[in-house]
file data08.cif (mmCIF, C-alpha atoms)
data_start
loop_
_atom_site.label_atom_id
_atom_site.label_comp_id
_atom_site.auth_asym_id
_atom_site.auth_seq_id
_atom_site.Cartn_x
_atom_site.Cartn_y
_atom_site.Cartn_z
CA MET A 8 -32.87 21.14 -5.94
CA PHE A 9 -29.42 20.34 -7.40
CA GLU A 10 -28.78 17.32 -9.56
CA SER A 11 -25.65 15.33 -8.82
CA ALA A 12 -22.91 15.64 -11.41
CA LYS A 13 -22.39 12.49 -13.42
CA ALA A 14 -18.98 11.30 -14.51
CA PRO A 15 -18.34 11.68 -18.24
CA VAL A 16 -19.04 8.56 -20.24
CA VAL A 17 -16.75 7.40 -23.03
CA PRO A 18 -18.57 5.13 -25.49
CA ASP A 19 -16.98 1.70 -25.97
CA ASN A 20 -16.92 1.71 -29.76
CA GLU A 21 -14.49 1.08 -32.62
CA GLU A 22 -13.83 4.77 -33.25
CA ASN A 23 -12.75 5.31 -29.64
CA LYS A 24 -10.71 2.09 -29.60
CA ALA A 25 -8.79 3.35 -32.64
CA LEU A 26 -8.02 6.63 -30.88
CA CYS A 27 -6.99 4.75 -27.74
CA ARG A 28 -4.53 2.60 -29.69
CA LYS A 29 -2.63 5.76 -30.58
CA TYR A 30 -1.97 6.60 -26.93
CA CYS A 31 -2.16 3.67 -24.49
CA PRO A 32 0.69 1.60 -26.03
CA ILE A 33 3.16 4.47 -25.54
CA CYS A 34 2.16 5.13 -21.91
CA GLN A 35 4.68 4.26 -19.18
CA ASN A 36 2.08 2.38 -17.14
CA TYR A 37 0.94 0.37 -20.14
CA LYS A 38 4.48 -0.65 -21.07
CA LYS A 39 5.81 -1.25 -17.55
CA HIS A 40 2.89 -3.45 -16.50
CA ASP A 41 2.44 -5.26 -19.86
CA LEU A 42 -1.22 -4.26 -19.94
CA HIS A 43 -1.65 -5.87 -23.35
CA ARG A 44 -1.64 -9.20 -21.45
CA ASN A 45 -4.64 -8.40 -19.24
CA GLU A 46 -8.27 -7.47 -19.76
CA PRO A 47 -9.30 -4.94 -20.74
CA LYS A 48 -6.36 -4.37 -23.06
CA GLU A 49 -7.44 -0.86 -24.07
CA LEU A 50 -10.00 1.91 -23.62
CA PHE A 51 -9.69 1.91 -19.84
CA CYS A 52 -11.59 5.21 -19.60
CA ALA A 53 -14.67 3.37 -20.93
CA ARG A 54 -14.10 -0.20 -19.74
CA GLY A 55 -12.50 0.29 -16.34
CA PRO A 56 -9.10 -0.57 -14.91
CA SER A 57 -6.87 -3.41 -15.98
CA SER A 58 -7.04 -6.75 -14.20
CA ALA A 59 -3.23 -6.65 -13.83
CA GLN A 60 -2.07 -7.08 -10.25
CA ASN A 61 0.23 -4.88 -8.13
CA MET A 62 0.28 -1.93 -10.51
CA LYS A 63 1.77 1.36 -9.45
CA GLU A 64 1.08 4.80 -10.84
CA ILE A 65 4.38 5.52 -12.58
CA GLY A 66 3.30 7.90 -15.32
CA CYS A 67 0.07 8.76 -17.03
CA PHE A 68 -0.51 9.59 -20.66
CA CYS A 69 -4.31 9.96 -20.38
CA PRO A 70 -4.34 13.78 -20.53
CA ALA A 71 -2.57 13.64 -23.91
CA CYS A 72 -5.27 11.41 -25.41
CA GLU A 73 -7.90 12.89 -27.70
CA LEU A 74 -10.62 11.07 -25.73
CA PHE A 75 -9.60 12.88 -22.56
CA THR A 76 -10.36 16.26 -24.12
CA LYS A 77 -13.29 15.15 -26.26
CA HIS A 78 -15.17 13.66 -23.29
CA HIS A 79 -14.07 16.22 -20.67
CA LEU A 80 -12.35 13.59 -18.54
CA ARG A 81 -10.55 14.42 -15.33
CA GLY A 82 -7.80 12.73 -13.41
CA GLY A 83 -6.07 9.94 -15.20
CA TYR A 84 -4.55 6.54 -14.50
CA TYR A 85 -7.73 4.91 -15.83
CA CYS A 86 -5.81 1.66 -16.29
CA VAL A 87 -5.12 1.59 -12.54
CA ARG A 88 -8.22 3.16 -11.01
CA ARG A 89 -11.57 4.56 -11.99
#
call {"tool": "encode", "arguments": {"input": "data08.cif", "output": "C-alpha cells"}}
result
Amino acid sequence: MFESAKAPVVPDNEENKALCRKYCPICQNYKKHDLHRNEPKELFCARGPSSAQNMKEIGCFCPACELFTKHHLRGGYYCVRR
C-alpha cells in the first residue's frame, strides 16, 4: 500500500525567520501589497498566506529563498496561497 506524500514542513522558528527576512522584503508581491502591514508579516511558507485582501500574483521570489531549497518546497506565492 502506498503512503500519501506529505507537503514539506518549514519550522516556524527564529532561524527560519531570519532567513525569510533576507528575501520576503525584496519580493514584488511583498512590496506591492504592503505585506508588512498584515499578519503573518513573514515566513509565509510556514505560517500560511497573508491576511491582505485582493492580492494578485505579480512576481514570486520564493524559489530564490534558502528555505525553498532547504525544505524542498515547490510552487511559490506562499504569501498569496498555500
call {"tool": "closest_residue", "arguments": {"input": "data08.cif", "among": "A:Glu46, A:Glu73, A:Asp41, A:Glu64", "to": "Glu22 (chain A)", "atoms": "all atoms listed in the file"}}
result
A:Glu73
call {"tool": "atom_distance", "arguments": {"input": "data08.cif", "atom1": "CA of His78 (chain A)", "atom2": "CA of Gly66 (chain A)"}}
result
20.9 Å
call {"tool": "closest_residue", "arguments": {"input": "data08.cif", "among": "A:Val16, A:Ala71, A:Cys86, A:Ala53", "to": "His40 (chain A)", "atoms": "only C-alpha atoms"}}
result
A:Cys86
call {"tool": "closest_residue", "arguments": {"input": "data08.cif", "among": "A:His43, A:Glu21, A:Gly55, A:Asn61", "to": "Tyr84 (chain A)", "atoms": "all atoms listed in the file"}}
result
A:Gly55
call {"tool": "residues_near_point", "arguments": {"input": "data08.cif", "point": "(-7.5, 10.5, -20.1)", "cutoff": "12 Å", "atoms": "all atoms listed in the file", "output": "PDB file with C-alpha atoms, in the frame of the given file"}}
result
ATOM      1  CA  PRO A  15     -18.340  11.680 -18.240  1.00  0.00           C
ATOM      2  CA  VAL A  16     -19.040   8.560 -20.240  1.00  0.00           C
ATOM      3  CA  VAL A  17     -16.750   7.400 -23.030  1.00  0.00           C
ATOM      4  CA  LEU A  26      -8.020   6.630 -30.880  1.00  0.00           C
ATOM      5  CA  CYS A  27      -6.990   4.750 -27.740  1.00  0.00           C
ATOM      6  CA  TYR A  30      -1.970   6.600 -26.930  1.00  0.00           C
ATOM      7  CA  CYS A  31      -2.160   3.670 -24.490  1.00  0.00           C
ATOM      8  CA  CYS A  34       2.160   5.130 -21.910  1.00  0.00           C
ATOM      9  CA  LEU A  50     -10.000   1.910 -23.620  1.00  0.00           C
ATOM     10  CA  PHE A  51      -9.690   1.910 -19.840  1.00  0.00           C
ATOM     11  CA  CYS A  52     -11.590   5.210 -19.600  1.00  0.00           C
ATOM     12  CA  ALA A  53     -14.670   3.370 -20.930  1.00  0.00           C
ATOM     13  CA  GLY A  55     -12.500   0.290 -16.340  1.00  0.00           C
ATOM     14  CA  CYS A  67       0.070   8.760 -17.030  1.00  0.00           C
ATOM     15  CA  PHE A  68      -0.510   9.590 -20.660  1.00  0.00           C
ATOM     16  CA  CYS A  69      -4.310   9.960 -20.380  1.00  0.00           C
ATOM     17  CA  PRO A  70      -4.340  13.780 -20.530  1.00  0.00           C
ATOM     18  CA  ALA A  71      -2.570  13.640 -23.910  1.00  0.00           C
ATOM     19  CA  CYS A  72      -5.270  11.410 -25.410  1.00  0.00           C
ATOM     20  CA  GLU A  73      -7.900  12.890 -27.700  1.00  0.00           C
ATOM     21  CA  LEU A  74     -10.620  11.070 -25.730  1.00  0.00           C
ATOM     22  CA  PHE A  75      -9.600  12.880 -22.560  1.00  0.00           C
ATOM     23  CA  THR A  76     -10.360  16.260 -24.120  1.00  0.00           C
ATOM     24  CA  LYS A  77     -13.290  15.150 -26.260  1.00  0.00           C
ATOM     25  CA  HIS A  78     -15.170  13.660 -23.290  1.00  0.00           C
ATOM     26  CA  HIS A  79     -14.070  16.220 -20.670  1.00  0.00           C
ATOM     27  CA  LEU A  80     -12.350  13.590 -18.540  1.00  0.00           C
ATOM     28  CA  ARG A  81     -10.550  14.420 -15.330  1.00  0.00           C
ATOM     29  CA  GLY A  82      -7.800  12.730 -13.410  1.00  0.00           C
ATOM     30  CA  GLY A  83      -6.070   9.940 -15.200  1.00  0.00           C
ATOM     31  CA  TYR A  84      -4.550   6.540 -14.500  1.00  0.00           C
ATOM     32  CA  TYR A  85      -7.730   4.910 -15.830  1.00  0.00           C
ATOM     33  CA  CYS A  86      -5.810   1.660 -16.290  1.00  0.00           C
ATOM     34  CA  VAL A  87      -5.120   1.590 -12.540  1.00  0.00           C
ATOM     35  CA  ARG A  88      -8.220   3.160 -11.010  1.00  0.00           C
ATOM     36  CA  ARG A  89     -11.570   4.560 -11.990  1.00  0.00           C
TER      37      ARG A  89
END
call {"tool": "atom_distance", "arguments": {"input": "data08.cif", "atom1": "CA of Arg54 (chain A)", "atom2": "CA of Pro32 (chain A)"}}
result
16.2 Å
call {"tool": "decode", "arguments": {"input": "data08.cif", "residues": "region 38-68 of chain A", "atoms": "C-alpha atoms", "output": "compact mmCIF listing (two decimals), in the first residue's frame"}}
result
# COMPACT_ATOMS: atom_id res chain seq x y z
CA LYS A 38 6.32 45.35 -1.64
CA LYS A 39 3.30 45.89 -3.89
CA HIS A 40 0.79 44.64 -1.32
CA ASP A 41 2.49 46.13 1.78
CA LEU A 42 2.54 42.71 3.43
CA HIS A 43 4.41 44.12 6.42
CA ARG A 44 1.03 45.60 7.45
CA ASN A 45 -0.82 42.27 7.65
CA GLU A 46 -0.44 39.02 9.55
CA PRO A 47 1.59 37.00 9.15
CA LYS A 48 4.26 39.51 8.22
CA GLU A 49 6.84 36.87 7.26
CA LEU A 50 7.59 33.17 6.90
CA PHE A 51 4.53 32.51 4.76
CA CYS A 52 5.84 29.06 3.80
CA ALA A 53 5.46 28.04 7.46
CA ARG A 54 2.61 30.26 8.67
CA GLY A 55 0.33 30.43 5.65
CA PRO A 56 -0.80 33.23 3.37
CA SER A 57 -1.12 36.87 4.29
CA SER A 58 -4.44 38.25 5.50
CA ALA A 59 -4.10 41.08 2.95
CA GLN A 60 -7.10 41.38 0.66
CA ASN A 61 -7.30 41.40 -3.15
CA MET A 62 -3.73 40.30 -3.75
CA LYS A 63 -2.57 39.31 -7.20
CA GLU A 64 0.34 37.11 -8.15
CA ILE A 65 2.68 39.68 -9.69
CA GLY A 66 6.07 38.11 -9.06
CA CYS A 67 7.45 35.50 -6.75
CA PHE A 68 10.81 35.43 -5.03
